[in-house]
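*Asks:* What follows is protein.cif, made up of mmCIF, C-alpha atoms:
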data_run
loop_
_atom_site.label_atom_id
_atom_site.label_comp_id
_atom_site.auth_asym_id
_atom_site.auth_seq_id
_atom_site.Cartn_x
_atom_site.Cartn_y
_atom_site.Cartn_z
CA MET A 1 0.00 0.00 0.00
CA TYR A 2 1.41 3.38 -1.05
CA GLY A 3 -1.12 5.48 0.83
CA GLU A 4 -2.60 8.74 -0.23
CA THR A 5 -0.68 11.74 -1.49
CA TRP A 6 -2.31 14.99 -2.54
CA SER A 7 -0.67 18.15 -3.87
CA GLY A 8 -2.31 21.36 -4.99
CA TYR A 9 -2.94 24.94 -3.99
CA ALA A 10 -5.90 24.93 -1.56
CA MET A 11 -7.95 21.74 -2.15
CA LEU A 12 -10.76 23.29 -0.09
CA PHE A 13 -13.36 21.34 -2.05
CA PHE A 14 -12.33 18.13 -0.23
CA PRO A 15 -13.32 19.14 3.30
CA GLU A 16 -16.24 21.25 2.05
CA GLN A 17 -17.77 18.36 0.13
CA HIS A 18 -16.81 15.72 2.70
CA PRO A 19 -17.62 17.05 6.19
CA ARG A 20 -16.31 13.83 7.80
CA LEU A 21 -13.02 13.94 5.88
CA ALA A 22 -10.81 14.40 8.95
CA GLN A 23 -12.61 11.57 10.76
CA VAL A 24 -12.32 9.23 7.76
CA ILE A 25 -8.61 10.00 7.37
CA SER A 26 -8.07 9.48 11.10
CA GLU A 27 -9.77 6.07 10.97
CA LYS A 28 -7.76 5.02 7.92
CA CYS A 29 -4.49 6.16 9.53
CA ALA A 30 -5.38 4.12 12.63
CA ASN A 31 -5.48 1.11 10.29
CA GLY A 32 -2.02 1.87 8.88
CA LEU A 33 -2.70 4.22 5.97
CA ARG A 34 -0.16 6.98 5.35
CA VAL A 35 -1.59 10.31 4.15
CA ARG A 36 0.60 13.17 2.92
CA ILE A 37 -0.86 16.49 1.77
CA ALA A 38 1.14 19.33 0.22
CA LEU A 39 -0.69 22.66 0.06
CA ALA A 40 0.69 25.93 -1.26
CA ASP A 41 2.18 28.28 1.33
CA PRO A 42 -0.51 30.96 1.80
CA GLU A 43 2.23 33.57 2.42
CA GLY A 44 4.23 32.62 -0.67
CA ALA A 45 4.75 34.57 -3.86
CA GLU A 46 3.39 31.69 -5.94
CA VAL A 47 0.01 31.90 -4.18
CA LYS A 48 -0.19 35.63 -4.88
CA ALA A 49 0.65 34.99 -8.53
CA ARG A 50 -1.94 32.18 -8.86
CA ASP A 51 -4.56 34.29 -7.10
CA ALA A 52 -3.98 37.12 -9.60
CA LEU A 53 -3.90 34.76 -12.59
CA GLU A 54 -7.26 33.24 -11.68
CA GLY A 55 -8.76 36.62 -10.68
CA LEU A 56 -9.57 35.41 -7.15
CA GLY A 57 -9.36 38.86 -5.54
CA GLY A 58 -6.94 37.88 -2.80
CA THR A 59 -9.01 34.93 -1.53
CA LEU A 60 -6.61 32.05 -2.27
CA PRO A 61 -4.54 32.43 0.94
CA GLY A 62 -7.75 32.25 3.00
CA ARG A 63 -8.91 29.16 1.13
CA ILE A 64 -5.60 27.44 1.94
CA ARG A 65 -5.88 28.40 5.61
CA SER A 66 -9.45 27.07 5.67
CA SER A 67 -8.26 23.71 4.32
CA VAL A 68 -5.60 23.57 7.02
CA ALA A 69 -8.18 24.45 9.70
CA HIS A 70 -10.43 21.59 8.51
CA LEU A 71 -7.50 19.18 8.74
CA GLU A 72 -6.12 20.49 12.05
CA PRO A 73 -7.74 17.68 14.11
CA LEU A 74 -5.36 15.32 12.26
CA PHE A 75 -2.12 17.11 13.20
CA SER A 76 -1.31 14.64 15.98
CA THR A 77 -2.53 11.58 14.05
CA ALA A 78 0.15 8.98 13.34
CA GLY A 79 0.48 8.49 9.59
CA PHE A 80 -0.82 11.96 8.67
CA GLU A 81 1.42 14.78 7.47
CA ILE A 82 0.61 18.14 5.94
CA ARG A 83 3.15 20.53 4.47
CA TYR A 84 3.41 23.83 2.64
CA HIS A 85 5.16 24.04 -0.73
CA TRP A 86 6.39 27.01 -2.77
CA VAL A 87 6.24 25.37 -6.21
CA PRO A 88 4.42 26.82 -9.22
CA LEU A 89 2.04 23.96 -9.97
CA TYR A 90 0.70 23.08 -13.39
CA ASN A 91 -1.67 20.45 -12.00
CA ALA A 92 -3.07 19.04 -8.79
CA VAL A 93 -2.41 15.39 -7.99
CA TYR A 94 -4.51 13.11 -5.79
CA ARG A 95 -3.01 9.65 -5.46
CA PHE A 96 -4.70 6.66 -3.88
CA ASP A 97 -2.28 3.70 -4.01
CA ASP A 98 -2.10 2.73 -7.72
CA GLN A 99 -4.84 5.13 -8.83
CA MET A 100 -4.47 8.85 -9.33
CA LEU A 101 -6.61 11.83 -10.20
CA VAL A 102 -4.80 14.68 -11.98
CA THR A 103 -6.28 18.07 -12.76
CA PRO A 104 -4.11 19.92 -15.30
CA TYR A 105 -4.44 23.67 -14.77
CA LEU A 106 -5.74 25.67 -17.69
CA TYR A 107 -4.76 29.31 -18.14
CA ARG A 108 -6.90 31.73 -16.10
CA LEU A 109 -9.53 29.13 -15.26
CA HIS A 110 -10.64 28.24 -11.74
CA GLY A 111 -10.05 24.77 -10.28
CA TYR A 112 -13.57 23.51 -10.90
CA GLN A 113 -13.11 24.33 -14.61
CA HIS A 114 -9.99 22.17 -15.05
CA PRO A 115 -10.26 18.76 -16.66
CA LEU A 116 -9.92 15.65 -14.51
CA LEU A 117 -7.75 12.73 -15.61
CA HIS A 118 -8.04 9.33 -13.94
CA LEU A 119 -4.75 7.45 -14.15
CA LYS A 120 -3.96 3.90 -13.10
CA ARG A 121 -0.45 2.56 -12.65
CA LEU A 122 0.05 -0.11 -15.29
CA GLY A 123 3.84 -0.25 -15.18
CA PRO A 124 6.94 1.87 -14.72
CA ALA A 125 6.78 3.61 -18.12
CA GLY A 126 3.27 5.08 -18.18
CA LEU A 127 1.81 8.49 -17.33
CA PHE A 128 1.32 7.58 -13.68
CA GLU A 129 4.98 7.50 -12.69
CA PRO A 130 6.00 11.07 -13.65
CA TYR A 131 3.10 12.47 -11.64
CA ALA A 132 4.02 10.28 -8.66
CA GLN A 133 7.63 11.47 -8.92
CA GLN A 134 6.43 15.08 -9.16
CA PHE A 135 4.64 14.71 -5.83
CA GLU A 136 7.77 13.28 -4.19
CA ALA A 137 9.89 16.17 -5.50
CA ILE A 138 7.38 18.73 -4.17
CA TRP A 139 7.13 16.89 -0.86
CA ASN A 140 10.90 16.81 -0.42
CA GLU A 141 11.09 20.58 -0.91
CA SER A 142 8.16 21.42 1.36
CA ARG A 143 7.98 22.29 5.05
CA PRO A 144 5.57 21.03 7.74
CA VAL A 145 2.59 23.35 8.32
CA LEU A 146 3.22 23.27 12.07
CA GLU A 147 6.80 24.46 11.54
CA ASN A 148 5.43 27.42 9.58
CA ALA A 149 2.88 28.18 12.32
CA ALA A 150 5.58 28.12 15.00
CA ALA A 151 7.74 30.54 13.00
CA SER A 152 4.76 32.91 12.55
CA SER A 153 3.95 33.00 16.26
CA SER A 154 7.52 33.76 17.40
#
What is this file in C-alpha cells?

*Replies:*
Amino acid sequence: MYGETWSGYAMLFFPEQHPRLAQVISEKCANGLRVRIALADPEGAEVKARDALEGLGGTLPGRIRSSVAHLEPLFSTAGFEIRYHWVPLYNAVYRFDDQMLVTPYLYRLHGYQHPLLHLKRLGPAGLFEPYAQQFEAIWNESRPVLENAAASSS
C-alpha cells in the first residue's frame, strides 16, 4: 500500500464536500494508511501569482488556511502529514495507491473548470509514474505546516 498523497494549492473542495473527511482520514491512519498532503504556502509569492492569474481577488490564501483548519484535528494523528510548498504547480495530484486523479491547470480558469484525468499505474513507463515522482519532488522541498505556524507565532 502506497497510501494517499495529494498536492495542490488549496484543495478546499475536499473538506467542504466531505464534512467527515478528517474523521475518515483518522480512521484510515489508525489502520495503517499513510496520508501526505502538500498545500501551497498561503504567504508565498506563488500563491499571490496564482490568485492574480485566476482573478480570485486575494481569496486564495484564505482558502488554503481554511483547508488547514479543517485538517487540524489530524495534526497529531500517526500516519498523517501536511506541508506547505512554494512550487508553481501546473496540475493538482490526488493519489490513492495505484490510482491517481490529476487536474491539469488551464490558463486563467478556476479549479472547478480544469479537466480531470483518472490514471492507473500499469507499469513503470506510463503516465502515472512522472506524476508520482512530481509529488515526491514537491514533498521533499516542502515544510511542515506546524513548523510554519511556530515561525509565525515567534

*Asks:* So, counting only C-alpha atoms, which residue among A:Gly79, A:Gly44, A:Ser67, A:Thr59 is closest to Ala30 (chain A)?

*Replies:*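 Ranking A:Gly79, A:Gly44, A:Ser67, A:Thr59 by distance to Ala30 (chain A), first place goes to A:Gly79.
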
*Asks:* For a test of reading the model, state the distance in Å between CA of His85 (chain A) and CA of Ala52 (chain A), rounded to one decimal.

*Replies:* 18.3 Å

*Asks:* Report the distance between CA of Ile25 (chain A) and CA of Val102 (chain A) in Å, rounded to one decimal place.

*Replies:*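 Atom-to-atom, CA of Ile25 (chain A) and CA of Val102 (chain A) are spaced 20.3 Å apart.
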
*Asks:* Selected by the PyMOL selection byres ((chain A and resi 132) around 12) in the shown coordinates: which residues, as a PyMOL selection string?

*Replies:* chain A and resi 2-7+92-102+119-121+124-131+133-139

*Asks:* For Val24 (chain A), which residue among A:Leu53, A:Ile64, A:Leu71, A:Val47 is the nearest when counting all atoms listed in the file?

*Replies:*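 Looking at the shortest contact to Val24 (chain A), the residue is A:Leu71.
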
*Asks:* Apply the PyMOL selection byres ((chain A and resi 36) around 7) to the structure shown and report the selected residues as a list in words.

*Replies:*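 Expected selection for the PyMOL selection byres ((chain A and resi 36) around 7) here is Glu4, Thr5, Trp6, Arg34, Val35, Ile37, Ala38, Phe80, Glu81 and Ile82 of chain A.
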
*Asks:* Which residue out of A:Leu39, A:Leu74, A:Leu106, A:Ala49 has the minimum interatomic distance to Leu12 (chain A) when all atoms listed in the file are used?

*Replies:*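 Ranked by minimum distance to Leu12 (chain A), first place goes to A:Leu39.
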
*Asks:* I'd like the interatomic distance between CA of Trp86 (chain A) and CA of Pro73 (chain A), to a tenth of an Å.

*Replies:*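 These atoms are spaced 23.9 Å apart.
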
*Asks:* Considering all atoms listed in the file, tabulate each residue of region 46-107 of chain A that lies at most 8 Å from region 112-115 of chain A along with its nearest interatomic pair and the corresponding distance in Å to one decimal; arrange the rows by chain and ascending residue number and present them as a Markdown table.

*Replies:*
| residue | atom | partner | partner_atom | distance |
| --- | --- | --- | --- | --- |
| A:Thr103 | CA | A:Pro115 | CA | 5.6 |
| A:Pro104 | CA | A:His114 | CA | 6.3 |
| A:Tyr105 | CA | A:His114 | CA | 5.8 |
| A:Leu106 | CA | A:His114 | CA | 6.1 |

*Asks:* With all atoms listed in the file as the counted atoms, please give the residues lying no more than 10 Å from Ala40 (chain A), apart from itself and same-chain residues fewer than 5 positions off, as a list in words.

*Replies:*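 Once the nearby chain positions are removed, what remains is Ser7, Gly8, Tyr9, Ala10, Met11, Ala45, Glu46, Val47, Leu60, Pro61, Ile64, Arg65, Arg83, Tyr84, His85, Trp86, Val87, Pro88, Leu89 and Ser142 of chain A.
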
*Asks:* Just say which residues the PyMOL selection byres ((chain A and resi 108) around 8) picks in this file, as a list in words.

*Replies:* Leu53, Glu54, Gly55, Leu106, Tyr107, Leu109 and His110 of chain A

*Asks:* Can you complete the atoms of region 102-113 of chain A to all heavy atoms and list them as a CSV table (one decimal), in the frame of the given file?

*Replies:*
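rebuild_0.csv, written as the output of this step:
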chain,number,residue,atom,x,y,z
A,102,VAL,N,-5.6,13.5,-11.6
A,102,VAL,CA,-4.8,14.7,-12.0
A,102,VAL,C,-5.7,15.7,-12.6
A,102,VAL,O,-6.5,15.4,-13.5
A,102,VAL,CB,-3.7,14.3,-12.9
A,102,VAL,CG1,-2.8,15.5,-13.3
A,102,VAL,CG2,-2.8,13.2,-12.3
A,103,THR,N,-5.6,17.0,-12.1
A,103,THR,CA,-6.3,18.1,-12.8
A,103,THR,C,-5.3,19.0,-13.3
A,103,THR,O,-4.7,19.8,-12.6
A,103,THR,CB,-7.2,18.8,-11.8
A,103,THR,OG1,-6.4,19.3,-10.7
A,103,THR,CG2,-8.3,17.9,-11.2
A,104,PRO,N,-5.0,19.0,-14.7
A,104,PRO,CA,-4.1,19.9,-15.3
A,104,PRO,C,-4.7,21.3,-15.3
A,104,PRO,O,-5.9,21.5,-15.5
A,104,PRO,CB,-4.0,19.4,-16.7
A,104,PRO,CG,-4.6,18.1,-16.8
A,104,PRO,CD,-5.5,18.0,-15.6
A,105,TYR,N,-3.9,22.3,-14.9
A,105,TYR,CA,-4.4,23.7,-14.8
A,105,TYR,C,-4.5,24.3,-16.2
A,105,TYR,O,-3.6,24.1,-16.9
A,105,TYR,CB,-3.5,24.5,-13.9
A,105,TYR,CG,-3.6,24.1,-12.4
A,105,TYR,CD1,-2.5,24.2,-11.6
A,105,TYR,CD2,-4.7,23.5,-11.8
A,105,TYR,CE1,-2.5,23.9,-10.3
A,105,TYR,CE2,-4.7,23.1,-10.5
A,105,TYR,CZ,-3.6,23.3,-9.7
A,105,TYR,OH,-3.6,22.9,-8.4
A,106,LEU,N,-5.6,25.0,-16.4
A,106,LEU,CA,-5.7,25.7,-17.7
A,106,LEU,C,-5.7,27.2,-17.4
A,106,LEU,O,-6.2,27.6,-16.4
A,106,LEU,CB,-7.1,25.3,-18.4
A,106,LEU,CG,-7.2,23.8,-18.7
A,106,LEU,CD1,-8.6,23.5,-19.3
A,106,LEU,CD2,-6.1,23.4,-19.7
A,107,TYR,N,-5.0,27.9,-18.3
A,107,TYR,CA,-4.8,29.3,-18.1
A,107,TYR,C,-6.0,30.1,-17.7
A,107,TYR,O,-7.0,30.0,-18.4
A,107,TYR,CB,-4.2,29.8,-19.4
A,107,TYR,CG,-3.8,31.3,-19.4
A,107,TYR,CD1,-2.8,31.7,-18.6
A,107,TYR,CD2,-4.4,32.2,-20.2
A,107,TYR,CE1,-2.4,33.0,-18.5
A,107,TYR,CE2,-4.0,33.5,-20.2
A,107,TYR,CZ,-3.0,33.9,-19.4
A,107,TYR,OH,-2.6,35.3,-19.3
A,108,ARG,N,-5.9,30.8,-16.6
A,108,ARG,CA,-6.9,31.7,-16.1
A,108,ARG,C,-8.2,31.1,-15.7
A,108,ARG,O,-9.2,31.8,-15.4
A,108,ARG,CB,-7.2,32.9,-17.1
A,108,ARG,CG,-6.0,33.8,-17.2
A,108,ARG,CD,-6.4,35.1,-17.8
A,108,ARG,NE,-5.2,35.9,-17.8
A,108,ARG,CZ,-5.2,37.2,-18.1
A,108,ARG,NH1,-6.3,37.8,-18.5
A,108,ARG,NH2,-4.1,37.9,-18.1
A,109,LEU,N,-8.3,29.8,-15.7
A,109,LEU,CA,-9.5,29.1,-15.3
A,109,LEU,C,-9.4,28.7,-13.8
A,109,LEU,O,-8.3,28.5,-13.3
A,109,LEU,CB,-9.8,27.9,-16.1
A,109,LEU,CG,-10.1,28.1,-17.6
A,109,LEU,CD1,-10.4,26.8,-18.3
A,109,LEU,CD2,-11.2,29.1,-17.8
A,110,HIS,N,-10.6,28.7,-13.1
A,110,HIS,CA,-10.6,28.2,-11.7
A,110,HIS,C,-10.6,26.7,-11.7
A,110,HIS,O,-10.9,26.0,-12.6
A,110,HIS,CB,-11.9,28.7,-11.1
A,110,HIS,CG,-12.1,30.2,-11.1
A,110,HIS,ND1,-11.3,31.0,-10.3
A,110,HIS,CD2,-12.8,31.1,-11.9
A,110,HIS,CE1,-11.6,32.3,-10.5
A,110,HIS,NE2,-12.5,32.3,-11.5
A,111,GLY,N,-10.2,26.2,-10.5
A,111,GLY,CA,-10.0,24.8,-10.3
A,111,GLY,C,-11.2,23.9,-10.8
A,111,GLY,O,-11.0,22.9,-11.4
A,112,TYR,N,-12.4,24.3,-10.5
A,112,TYR,CA,-13.6,23.5,-10.9
A,112,TYR,C,-13.7,23.5,-12.4
A,112,TYR,O,-14.5,22.6,-12.9
A,112,TYR,CB,-14.9,24.0,-10.2
A,112,TYR,CG,-15.3,25.4,-10.8
A,112,TYR,CD1,-16.2,25.4,-11.8
A,112,TYR,CD2,-14.9,26.5,-10.2
A,112,TYR,CE1,-16.6,26.7,-12.3
A,112,TYR,CE2,-15.3,27.8,-10.6
A,112,TYR,CZ,-16.2,27.8,-11.7
A,112,TYR,OH,-16.6,29.0,-12.2
A,113,GLN,N,-13.0,24.3,-13.2
A,113,GLN,CA,-13.1,24.3,-14.6
A,113,GLN,C,-12.0,23.5,-15.3
A,113,GLN,O,-12.0,23.3,-16.5
A,113,GLN,CB,-13.0,25.8,-15.1
A,113,GLN,CG,-14.2,26.6,-14.7
A,113,GLN,CD,-13.9,28.1,-14.9
A,113,GLN,OE1,-12.9,28.7,-14.6
A,113,GLN,NE2,-14.9,28.7,-15.6
